[in-house]
$ cat structure.txt   # compact mmCIF, C-alpha atoms
# COMPACT_ATOMS: atom_id res chain seq x y z
CA MET P 146 -83.11 117.69 10.44
CA LYS P 147 -82.72 118.52 6.78
CA ILE P 148 -85.86 117.60 4.82
CA LEU P 149 -86.30 117.52 1.06
CA VAL P 150 -90.02 118.03 0.24
CA ASN P 151 -90.84 116.79 -3.24
CA THR P 152 -93.97 117.98 -5.09
CA SER P 153 -92.50 117.66 -8.58
CA ASN P 154 -95.17 115.16 -9.66
CA LEU P 155 -98.25 117.17 -8.58
CA LYS P 156 -100.27 118.73 -11.40
CA LYS P 157 -103.89 119.15 -10.28
CA GLY P 158 -106.55 118.03 -7.84
CA GLY P 159 -106.44 117.33 -4.12
CA GLY P 160 -102.72 116.63 -4.04
CA LEU P 161 -102.01 120.28 -4.75
CA GLN P 162 -104.35 121.35 -1.95
CA VAL P 163 -102.59 119.12 0.58
CA ALA P 164 -99.13 120.25 -0.51
CA HIS P 165 -100.16 123.92 -0.39
CA SER P 166 -101.59 123.46 3.10
CA PHE P 167 -98.53 121.60 4.39
CA LEU P 168 -96.10 124.22 3.10
CA ASN P 169 -98.12 127.02 4.68
CA GLU P 170 -98.28 125.20 8.01
CA ILE P 171 -94.51 124.62 8.25
CA LYS P 172 -93.70 128.19 7.28
CA SER P 173 -93.01 129.11 10.91
CA ASN P 174 -91.01 125.96 11.68
CA THR P 175 -87.43 126.85 12.58
CA GLU P 176 -86.47 123.46 13.95
CA HIS P 177 -85.68 121.93 10.56
CA ILE P 178 -84.10 122.96 7.27
CA PHE P 179 -86.45 122.57 4.32
CA HIS P 180 -85.59 122.20 0.66
CA ILE P 181 -88.80 122.37 -1.40
CA VAL P 182 -89.18 121.17 -4.98
CA LEU P 183 -92.19 122.98 -6.47
CA SER P 184 -94.03 121.63 -9.49
CA LEU P 185 -95.20 124.09 -12.13
CA ALA P 186 -98.79 123.93 -10.83
CA LEU P 187 -97.81 124.52 -7.20
CA ARG P 188 -95.35 127.25 -8.13
CA GLU P 189 -98.34 129.38 -9.16
CA GLN P 190 -99.71 129.25 -5.61
CA ILE P 191 -96.58 129.47 -3.44
CA ASN P 192 -94.45 132.61 -3.05
CA PRO P 193 -90.95 131.67 -1.81
CA GLN P 194 -90.45 135.24 -0.62
CA ASP P 195 -92.99 134.57 2.14
CA TYR P 196 -90.72 131.95 3.73
CA PRO P 197 -87.80 132.35 6.18
CA GLU P 198 -84.13 131.59 5.57
CA ASN P 199 -84.36 127.91 6.50
CA PHE P 200 -86.40 127.33 3.31
CA THR P 201 -84.89 126.91 -0.14
CA PHE P 202 -87.06 126.44 -3.21
CA TYR P 203 -86.42 124.73 -6.55
CA ASN P 204 -88.73 124.73 -9.57
CA TYR P 205 -89.11 121.39 -11.30
CA SER P 206 -91.91 119.24 -12.72
CA ILE P 207 -90.92 115.63 -13.30
CA ASN P 208 -91.81 114.07 -16.65
CA PRO P 209 -93.30 110.64 -15.90
CA THR P 210 -91.95 107.99 -18.25
CA LEU P 211 -92.05 104.20 -18.35
CA LEU P 212 -88.33 104.10 -17.61
CA LYS P 213 -88.71 106.36 -14.56
CA ALA P 214 -91.70 104.37 -13.33
CA ILE P 215 -89.63 101.19 -13.43
CA ALA P 216 -86.15 102.42 -12.55
CA GLY P 217 -87.04 105.36 -10.28
CA ARG P 218 -84.21 107.52 -11.60
CA ASP P 219 -84.42 111.22 -12.46
CA SER P 220 -81.28 113.21 -13.25
CA PHE P 221 -82.47 116.52 -11.76
CA LEU P 222 -83.75 115.05 -8.51
CA ASN P 223 -80.75 112.74 -8.21
CA SER P 224 -78.36 115.68 -8.56
CA LEU P 225 -80.38 117.81 -6.16
CA GLU P 226 -80.38 115.12 -3.50
CA GLU P 227 -76.64 114.67 -3.88
CA LYS P 228 -76.14 118.41 -3.50
CA ILE P 229 -78.47 118.85 -0.51
CA GLN P 230 -77.66 115.63 1.35
CA PRO P 231 -81.04 115.59 3.17
CA ASP P 232 -81.77 113.40 6.17
CA LYS P 233 -85.26 112.52 4.93
CA VAL P 234 -87.25 112.93 1.72
CA PHE P 235 -91.00 113.56 1.83
CA SER P 236 -93.12 113.31 -1.33
CA VAL P 237 -96.58 114.60 -0.51
CA PHE P 238 -98.16 112.04 -2.86
CA GLY P 239 -96.93 109.35 -5.21
CA PRO P 240 -96.20 107.70 -7.49
CA THR P 241 -93.01 109.73 -7.53
CA TYR P 242 -91.15 108.09 -10.46
CA TRP P 243 -88.02 108.64 -8.40
CA ARG P 244 -86.15 106.67 -5.73
CA PRO P 245 -83.98 108.85 -3.48
CA LYS P 246 -81.06 107.34 -1.61
CA ARG P 247 -82.36 108.63 1.72
CA ILE P 248 -85.40 107.39 3.63
CA HIS P 249 -88.42 108.26 1.53
CA VAL P 250 -91.88 108.96 3.00
CA THR P 251 -94.66 109.10 0.40
CA GLY P 252 -98.38 109.85 0.47
CA PHE P 253 -100.78 107.36 -1.14
CA ALA P 254 -104.16 108.37 -2.63
CA LYS P 255 -104.85 105.87 -5.43
CA ALA P 256 -108.26 104.53 -4.48
CA GLN P 257 -108.73 102.89 -7.89
CA TYR P 258 -106.11 100.30 -6.98
CA LEU P 259 -107.87 99.32 -3.75
CA TYR P 260 -111.65 99.45 -4.20
CA LYS P 261 -112.41 97.09 -7.05
CA ASN P 262 -116.14 96.93 -6.27
CA SER P 263 -116.65 100.58 -7.24
CA PRO P 264 -119.16 101.27 -10.06
CA PHE P 265 -116.34 103.25 -11.67
CA PHE P 266 -115.05 100.04 -13.23
CA ASP P 267 -118.41 99.29 -14.84
CA LEU P 268 -118.08 102.46 -16.92
CA LEU P 269 -114.71 101.58 -18.39
CA SER P 270 -114.22 100.18 -21.86
CA THR P 271 -112.10 97.08 -22.33
CA LYS P 272 -109.29 99.28 -23.60
CA ASP P 273 -109.49 101.55 -20.55
CA ARG P 274 -109.54 98.55 -18.22
CA ILE P 275 -106.33 97.26 -19.78
CA LYS P 276 -104.70 100.70 -19.54
CA LEU P 277 -105.71 101.01 -15.89
CA LYS P 278 -104.36 97.54 -15.12
CA ILE P 279 -101.01 98.45 -16.66
CA LYS P 280 -100.94 101.69 -14.66
CA GLN P 281 -101.78 99.79 -11.51
CA VAL P 282 -98.88 97.39 -11.96
CA LEU P 283 -96.44 100.20 -12.73
CA HIS P 284 -97.65 102.52 -9.98
CA LEU P 285 -97.83 99.94 -7.20
CA ASN P 286 -94.38 98.72 -8.18
CA ASN P 287 -93.18 102.31 -8.06
CA PHE P 288 -94.67 102.84 -4.59
CA ASN P 289 -93.07 99.61 -3.41
CA LYS P 290 -89.66 100.25 -4.90
CA CYS P 291 -89.34 104.01 -4.41
CA SER P 292 -90.89 104.51 -0.96
CA ASP P 293 -89.86 103.30 2.47
CA VAL P 294 -92.89 104.55 4.41
CA LEU P 295 -96.41 105.32 3.14
CA ILE P 296 -99.06 107.71 4.47
CA THR P 297 -102.76 107.32 3.70
CA GLU P 298 -105.75 109.56 4.41
CA SER P 299 -108.05 107.08 6.15
CA GLU P 300 -107.83 104.00 8.35
CA ASP P 301 -109.71 101.92 5.80
CA VAL P 302 -107.22 102.80 3.05
CA THR P 303 -104.39 101.87 5.40
CA LYS P 304 -105.98 98.47 6.03
CA GLN P 305 -106.48 97.85 2.32
CA LEU P 306 -102.99 98.99 1.43
CA GLN P 307 -101.38 96.86 4.12
CA LYS P 308 -102.74 93.79 2.32
CA ILE P 309 -100.64 94.75 -0.70
CA PHE P 310 -97.48 95.95 1.03
CA LEU P 311 -97.20 93.40 3.83
CA ASN P 312 -93.82 94.52 5.13
CA LYS P 313 -94.05 98.26 4.62
CA LYS P 314 -94.82 100.72 7.42
CA ILE P 315 -98.05 102.62 6.69
CA HIS P 316 -99.38 105.58 8.70
CA THR P 317 -102.79 107.27 8.62
CA VAL P 318 -103.04 111.07 8.57
CA THR P 319 -106.43 112.38 7.46
CA ASN P 320 -107.03 115.19 5.02
CA TYR P 321 -108.73 118.49 5.89
CA TYR P 322 -109.62 121.78 4.34
CA ASN P 323 -106.83 124.21 3.55
CA GLN P 324 -106.17 126.69 6.37
CA MET P 325 -106.89 129.48 3.87
CA PHE P 326 -110.58 128.84 4.61
CA ASP P 327 -109.95 130.20 8.13
CA MET P 328 -108.23 133.35 6.83
CA PRO P 329 -110.92 135.54 5.21
CA ASP P 330 -108.56 138.51 4.96
CA TYR P 331 -106.57 136.51 2.39
CA TRP P 332 -109.49 135.27 0.31
CA ASP P 333 -109.50 136.19 -3.36
CA ASN P 334 -113.04 137.42 -4.02
CA SER P 335 -112.46 138.11 -7.70
CA ILE P 336 -114.73 135.32 -8.97
CA LYS P 337 -118.23 136.80 -8.81
CA LEU P 338 -120.85 134.38 -10.06
CA PRO P 339 -123.50 135.78 -12.43
CA GLU P 340 -126.71 136.92 -10.75
CA PHE P 341 -129.15 134.04 -10.57
CA ASN P 342 -132.58 133.47 -9.02
CA GLY P 343 -132.41 129.78 -8.23
CA LEU P 344 -130.31 127.01 -6.67
CA THR P 345 -126.53 127.14 -7.13
CA ILE P 346 -124.82 123.73 -6.94
CA LEU P 347 -121.03 123.73 -6.66
CA THR P 348 -118.56 121.01 -7.64
CA VAL P 349 -114.90 121.78 -6.91
CA SER P 350 -113.00 119.09 -8.76
CA ALA P 351 -110.63 118.40 -11.59
CA ASN P 352 -112.09 116.27 -14.39
CA TYR P 353 -110.70 112.90 -13.37
CA PRO P 354 -112.75 109.97 -14.77
CA HIS P 355 -113.55 108.66 -11.27
CA LYS P 356 -115.08 112.01 -10.32
CA ASN P 357 -117.97 111.09 -12.64
CA LEU P 358 -118.62 114.68 -13.74
CA SER P 359 -120.07 113.43 -17.03
CA ILE P 360 -123.26 112.53 -15.13
CA ILE P 361 -124.05 116.23 -14.63
CA PRO P 362 -125.52 116.94 -18.12
CA GLN P 363 -127.76 113.88 -17.65
CA VAL P 364 -128.94 115.26 -14.29
CA ILE P 365 -129.66 118.61 -15.95
CA SER P 366 -131.77 116.91 -18.62
CA TYR P 367 -133.72 114.96 -16.00
CA LEU P 368 -134.45 118.05 -13.90
CA LYS P 369 -135.51 120.16 -16.89
CA GLU P 370 -137.87 117.45 -18.10
CA ASN P 371 -139.34 116.37 -14.76
CA HIS P 372 -139.17 119.61 -12.77
CA PRO P 373 -139.51 122.33 -15.44
CA LYS P 374 -140.19 125.09 -12.89
CA PHE P 375 -137.16 124.21 -10.75
CA ARG P 376 -134.45 126.85 -11.21
CA PHE P 377 -130.90 125.57 -10.79
CA ARG P 378 -127.34 125.77 -12.10
CA PHE P 379 -124.14 123.79 -11.64
CA ILE P 380 -120.86 125.61 -11.00
CA LEU P 381 -117.89 123.53 -12.19
CA THR P 382 -114.16 124.16 -11.82
CA ILE P 383 -113.37 122.63 -15.20
CA ASN P 384 -113.41 123.96 -18.76
CA GLY P 385 -116.38 123.81 -21.07
CA GLY P 386 -114.73 121.31 -23.38
CA ASP P 387 -114.05 118.81 -20.61
CA ILE P 388 -117.51 117.22 -20.62
CA ALA P 389 -120.15 116.74 -23.33
CA TYR P 390 -123.32 118.79 -23.08
CA ASP P 391 -125.81 120.30 -25.54
CA ASP P 392 -127.12 123.80 -26.15
CA SER P 393 -130.25 123.23 -24.07
CA GLN P 394 -128.06 122.72 -20.98
CA LYS P 395 -125.83 125.78 -21.36
CA GLU P 396 -127.95 127.98 -19.12
CA ASN P 397 -127.60 125.44 -16.30
CA ILE P 398 -123.80 125.19 -16.24
CA VAL P 399 -121.14 127.75 -15.36
CA PHE P 400 -117.58 126.68 -16.17
CA LEU P 401 -115.05 128.50 -14.02
CA GLY P 402 -112.02 126.56 -15.17
CA LYS P 403 -109.29 125.80 -12.67
CA ILE P 404 -109.42 128.01 -9.56
CA ASN P 405 -106.79 128.33 -6.83
CA ILE P 406 -107.08 127.80 -3.10
CA THR P 407 -107.55 131.47 -2.25
CA GLN P 408 -110.52 131.70 -4.63
CA CYS P 409 -112.37 128.66 -3.28
CA PRO P 410 -113.96 130.08 -0.10
CA PHE P 411 -115.74 132.95 -1.84
CA VAL P 412 -117.11 130.59 -4.50
CA TYR P 413 -118.48 128.38 -1.71
CA LYS P 414 -120.09 131.43 -0.10
CA GLN P 415 -122.02 132.08 -3.32
CA SER P 416 -123.28 128.48 -3.54
CA ASP P 417 -126.20 126.67 -1.95
CA PHE P 418 -125.09 123.02 -2.13
CA MET P 419 -121.84 121.12 -2.65
CA PHE P 420 -122.26 118.28 -5.14
CA LEU P 421 -119.78 115.43 -5.61
CA PRO P 422 -120.85 112.40 -7.72
CA THR P 423 -117.48 110.70 -7.27
CA LEU P 424 -117.07 106.94 -7.66
CA LEU P 425 -113.73 106.53 -5.89
CA GLU P 426 -111.97 108.42 -3.10
CA CYS P 427 -109.35 107.94 -0.44
CA PHE P 428 -110.40 111.34 0.91
CA SER P 429 -111.87 114.40 -0.74
CA ALA P 430 -111.08 117.81 0.73
CA SER P 431 -114.33 119.02 -0.84
CA TYR P 432 -116.23 117.35 1.98
CA ALA P 433 -114.25 119.15 4.67
CA GLU P 434 -114.40 122.44 2.74
CA ALA P 435 -118.18 122.26 2.48
CA MET P 436 -118.49 121.45 6.18
CA ARG P 437 -116.28 124.44 7.02
CA MET P 438 -118.27 126.78 4.77
CA GLU P 439 -121.60 125.45 6.13
CA THR P 440 -122.69 124.23 2.71
CA PRO P 441 -125.01 121.17 2.60
CA ILE P 442 -123.43 118.15 0.89
CA LEU P 443 -124.91 115.89 -1.78
CA THR P 444 -122.68 112.94 -2.68
CA SER P 445 -122.45 109.32 -3.77
CA ASP P 446 -124.05 106.53 -1.77
CA LEU P 447 -120.79 104.60 -1.46
CA SER P 448 -118.91 103.34 1.58
CA PHE P 449 -116.00 105.77 1.44
CA ALA P 450 -118.40 108.75 1.32
CA HIS P 451 -120.39 107.48 4.30
CA GLY P 452 -117.14 106.93 6.19
CA LEU P 453 -116.05 110.52 5.57
CA CYS P 454 -119.36 112.38 5.79
CA GLY P 455 -121.43 110.31 8.21
CA ASN P 456 -124.82 111.98 8.72
CA SER P 457 -123.69 115.30 7.26
CA ALA P 458 -124.64 114.49 3.65
CA ILE P 459 -127.51 113.42 1.43
CA TYR P 460 -126.54 110.31 -0.53
CA PHE P 461 -127.58 109.33 -4.06
CA ASN P 462 -126.91 106.63 -6.62
CA PRO P 463 -124.07 108.27 -8.59
CA LEU P 464 -125.06 106.49 -11.80
CA SER P 465 -128.74 107.45 -11.67
CA PRO P 466 -129.65 110.92 -13.00
CA SER P 467 -133.20 110.47 -11.68
CA ASP P 468 -132.12 109.61 -8.14
CA ILE P 469 -129.64 112.49 -8.12
CA GLY P 470 -132.23 114.90 -9.47
CA GLU P 471 -134.88 113.90 -6.96
CA LYS P 472 -132.44 114.17 -4.03
CA ILE P 473 -131.46 117.69 -5.15
CA VAL P 474 -135.08 118.85 -5.40
CA LYS P 475 -136.04 117.25 -2.09
CA LEU P 476 -133.17 118.89 -0.23
CA ALA P 477 -133.85 122.25 -1.90
CA LYS P 478 -137.39 122.15 -0.51
CA SER P 479 -136.33 121.38 3.09
CA GLU P 480 -134.56 124.20 4.92
CA ASP P 481 -134.75 122.16 8.13
CA LYS P 482 -132.81 119.33 6.51
CA GLN P 483 -130.23 121.75 5.15
CA THR P 484 -129.72 123.23 8.62
CA LYS P 485 -129.36 119.76 10.12
CA LEU P 486 -126.74 118.76 7.56
CA VAL P 487 -124.73 121.89 8.31
CA GLU P 488 -124.81 121.25 12.06
CA ASN P 489 -123.84 117.61 11.56
CA GLY P 490 -120.99 118.73 9.32
CA LYS P 491 -119.53 120.88 12.09
CA GLN P 492 -119.40 117.81 14.33
CA GLN P 493 -118.01 115.58 11.58
CA LEU P 494 -115.11 117.99 11.03
CA LYS P 495 -113.89 117.29 14.56
CA LYS P 496 -113.08 113.71 13.53
CA PHE P 497 -110.43 114.83 11.02
CA ASP P 498 -106.87 116.02 11.55
CA ASN P 499 -106.90 119.76 10.97
CA SER P 500 -104.20 121.30 8.78
CA THR P 501 -101.92 122.07 11.74
CA VAL P 502 -102.22 118.60 13.24
CA ARG P 503 -101.70 117.03 9.81
CA ALA P 504 -98.45 118.94 9.26
CA LEU P 505 -97.21 118.06 12.75
CA LYS P 506 -97.99 114.39 12.15
CA TYR P 507 -96.09 114.43 8.86
CA LEU P 508 -93.06 115.90 10.60
CA LYS P 509 -93.32 113.52 13.55
CA ILE P 510 -93.33 110.50 11.22
CA MET P 511 -90.11 111.74 9.65
CA GLU P 512 -88.53 112.68 12.97
CA GLU P 513 -89.11 109.21 14.39
CA LEU P 514 -87.62 107.38 11.42
CA LYS P 515 -84.02 106.30 11.84
CA THR P 516 -81.69 107.57 9.16

$ encode --input "structure.txt" --output "structure tokens"
Amino acid sequence: MKILVNTSNLKKGGGLQVAHSFLNEIKSNTEHIFHIVLSLALREQINPQDYPENFTFYNYSINPTLLKAIAGRDSFLNSLEEKIQPDKVFSVFGPTYWRPKRIHVTGFAKAQYLYKNSPFFDLLSTKDRIKLKIKQVLHLNNFNKCSDVLITESEDVTKQLQKIFLNKKIHTVTNYYNQMFDMPDYWDNSIKLPEFNGLTILTVSANYPHKNLSIIPQVISYLKENHPKFRFRFILTINGGDIAYDDSQKENIVFLGKINITQCPFVYKQSDFMFLPTLLECFSASYAEAMRMETPILTSDLSFAHGLCGNSAIYFNPLSPSDIGEKIVKLAKSEDKQTKLVENGKQQLKKFDNSTVRALKYLKIMEELKT
């Protein structure tokens, strides 16, 4: 089978992690012929020279426009499909802004269009609500028009999505940590955190609004005021200008900027807790990564988080700096609780599709589809 893998729309976040993992897993597959479209962001992490002769790579990042969202036409991808004549097209995540002529399998991870009871929506201005509503209409229309089969990352998302796309086939394939976490010889240990005598709290996330990273400076202020002797710092994979904070909080935040997959494991090893105050998720690889690296998890007390983490996390009100602060301090003081969370995390990991199984499931879905 000849498969065109499209990542042209991926720029940052978990989508890149999944695409990177999938491409590494199929590297040894000689059963199919793969044509891979790499976005600019993914191109920085994938070396085509590492792949065998049945792989061909193309560099292209699609420019999302209103016309493409509605019409699903893109001259580069149209020409490439015509040249390759693939049997199936797989876009790791959508919306793709492109409708191929062949059967198109697309990943879906737009939780904001499914979970309307999230506190995320309470934080939006009227203008932002209108913008999100317009995006929702355009994106869902694009998924409907441009994709034949959808893949989600949890059974609950599949159930919710099936209510919108009544006649579309939807599969569930869970997320996982990137297989690089199991390959210490390939870790990039170049990011050495500054020496620090206190608690190191890691958040690996792009600065999407639903990730709620703007709550972190408020948590810092609460901790400094109410627990002045408590030594702590937050490690963030964003830039310093991405969130608002004042001079009094500088000593409690380290901005790493964007880091790549190979750098993640060593940063986890230097951290005490994983912290994710997210308000919306279909699946976050950060949970699986923290479980793999035996790092206790602190995250939002919301249904999707409970569904993914079970009893392997401490849950807090993601809009309450005081509740977050108190949960951090309480966990820091209990080594027994930290150990229990780590052990529970090892068991929770077994409920997810690992990177190999995920890749095989993707391929099986395409193999079983009639041309």

$ atom_distance --input "structure.txt" --atom1 "CA of Met328 in chain P" --atom2 "CA of Ser500 in chain P"
12.9 Å

$ atom_distance --input "structure.txt" --atom1 "CA of Thr423 in chain P" --atom2 "CA of Phe265 in chain P"
8.7 Å

$ closest_residue --input "structure.txt" --among "P:Ile207, P:Leu347, P:Ile459, P:Met511" --to "Leu401 in chain P" --atoms "only C-alpha atoms"
P:Leu347

$ residues_around --input "structure.txt" --residues "range 481-496 of chain P" --least-positions-apart "3" --cutoff "8 Å" --atoms "all atoms listed in the file" --output "NGL selection string"
:P and (433 or 436-437 or 439-442 or 454-458 or 476-477)

$ atom_distance --input "structure.txt" --atom1 "CA of Leu464 in chain P" --atom2 "CA of Thr297 in chain P"
27.2 Å

$ closest_residue --input "structure.txt" --among "P:Pro240, P:Pro329, P:Gly159, P:Pro264" --to "Val282 in chain P" --atoms "only C-alpha atoms"
P:Pro240

$ residues_around --input "structure.txt" --residues "Ile178 in chain P" --least-positions-apart "5" --cutoff "9 Å" --atoms "all atoms listed in the file" --output "VMD selection string"
chain P and resid 146 to 149 198 to 201 231

$ residues_around --input "structure.txt" --residues "range 358-361 of chain P" --least-positions-apart "4" --cutoff "8 Å" --atoms "all atoms listed in the file" --output "NGL selection string"
:P and (352 or 354 or 365 or 388-389 or 422-423 or 463-464 or 466)

$ residues_near_point --input "structure.txt" --point "(-102.6, 125.6, 5.5)" --cutoff "7 Å" --atoms "all atoms listed in the file" --output "ChimeraX atom specification"
/P:165-167,169-170,323-325,500

$ residues_near_point --input "structure.txt" --point "(-95.7, 104.3, -3.0)" --cutoff "12 Å" --atoms "all atoms listed in the file" --output "mmCIF file with C-alpha atoms, in the coordinates of the input"
data_model
loop_
_atom_site.group_PDB
_atom_site.id
_atom_site.type_symbol
_atom_site.label_atom_id
_atom_site.label_comp_id
_atom_site.auth_asym_id
_atom_site.auth_seq_id
_atom_site.Cartn_x
_atom_site.Cartn_y
_atom_site.Cartn_z
ATOM 1 C CA ALA P 214 -91.700 104.370 -13.330
ATOM 2 C CA GLY P 217 -87.040 105.360 -10.280
ATOM 3 C CA PHE P 235 -91.000 113.560 1.830
ATOM 4 C CA SER P 236 -93.120 113.310 -1.330
ATOM 5 C CA VAL P 237 -96.580 114.600 -0.510
ATOM 6 C CA PHE P 238 -98.160 112.040 -2.860
ATOM 7 C CA GLY P 239 -96.930 109.350 -5.210
ATOM 8 C CA PRO P 240 -96.200 107.700 -7.490
ATOM 9 C CA THR P 241 -93.010 109.730 -7.530
ATOM 10 C CA TYR P 242 -91.150 108.090 -10.460
ATOM 11 C CA TRP P 243 -88.020 108.640 -8.400
ATOM 12 C CA ARG P 244 -86.150 106.670 -5.730
ATOM 13 C CA HIS P 249 -88.420 108.260 1.530
ATOM 14 C CA VAL P 250 -91.880 108.960 3.000
ATOM 15 C CA THR P 251 -94.660 109.100 0.400
ATOM 16 C CA GLY P 252 -98.380 109.850 0.470
ATOM 17 C CA PHE P 253 -100.780 107.360 -1.140
ATOM 18 C CA ALA P 254 -104.160 108.370 -2.630
ATOM 19 C CA LYS P 255 -104.850 105.870 -5.430
ATOM 20 C CA TYR P 258 -106.110 100.300 -6.980
ATOM 21 C CA GLN P 281 -101.780 99.790 -11.510
ATOM 22 C CA VAL P 282 -98.880 97.390 -11.960
ATOM 23 C CA LEU P 283 -96.440 100.200 -12.730
ATOM 24 C CA HIS P 284 -97.650 102.520 -9.980
ATOM 25 C CA LEU P 285 -97.830 99.940 -7.200
ATOM 26 C CA ASN P 286 -94.380 98.720 -8.180
ATOM 27 C CA ASN P 287 -93.180 102.310 -8.060
ATOM 28 C CA PHE P 288 -94.670 102.840 -4.590
ATOM 29 C CA ASN P 289 -93.070 99.610 -3.410
ATOM 30 C CA LYS P 290 -89.660 100.250 -4.900
ATOM 31 C CA CYS P 291 -89.340 104.010 -4.410
ATOM 32 C CA SER P 292 -90.890 104.510 -0.960
ATOM 33 C CA ASP P 293 -89.860 103.300 2.470
ATOM 34 C CA VAL P 294 -92.890 104.550 4.410
ATOM 35 C CA LEU P 295 -96.410 105.320 3.140
ATOM 36 C CA ILE P 296 -99.060 107.710 4.470
ATOM 37 C CA THR P 297 -102.760 107.320 3.700
ATOM 38 C CA LEU P 306 -102.990 98.990 1.430
ATOM 39 C CA GLN P 307 -101.380 96.860 4.120
ATOM 40 C CA ILE P 309 -100.640 94.750 -0.700
ATOM 41 C CA PHE P 310 -97.480 95.950 1.030
ATOM 42 C CA LYS P 313 -94.050 98.260 4.620
ATOM 43 C CA LYS P 314 -94.820 100.720 7.420
ATOM 44 C CA ILE P 315 -98.050 102.620 6.690
#

$ closest_residue --input "structure.txt" --among "P:Ala430, P:Val234, P:Leu269, P:Val349" --to "Ser416 in chain P" --atoms "only C-alpha atoms"
P:Val349

$ closest_residue --input "structure.txt" --among "P:Leu183, P:Glu298, P:Lys369, P:Lys403" --to "Phe449 in chain P" --atoms "only C-alpha atoms"
P:Glu298
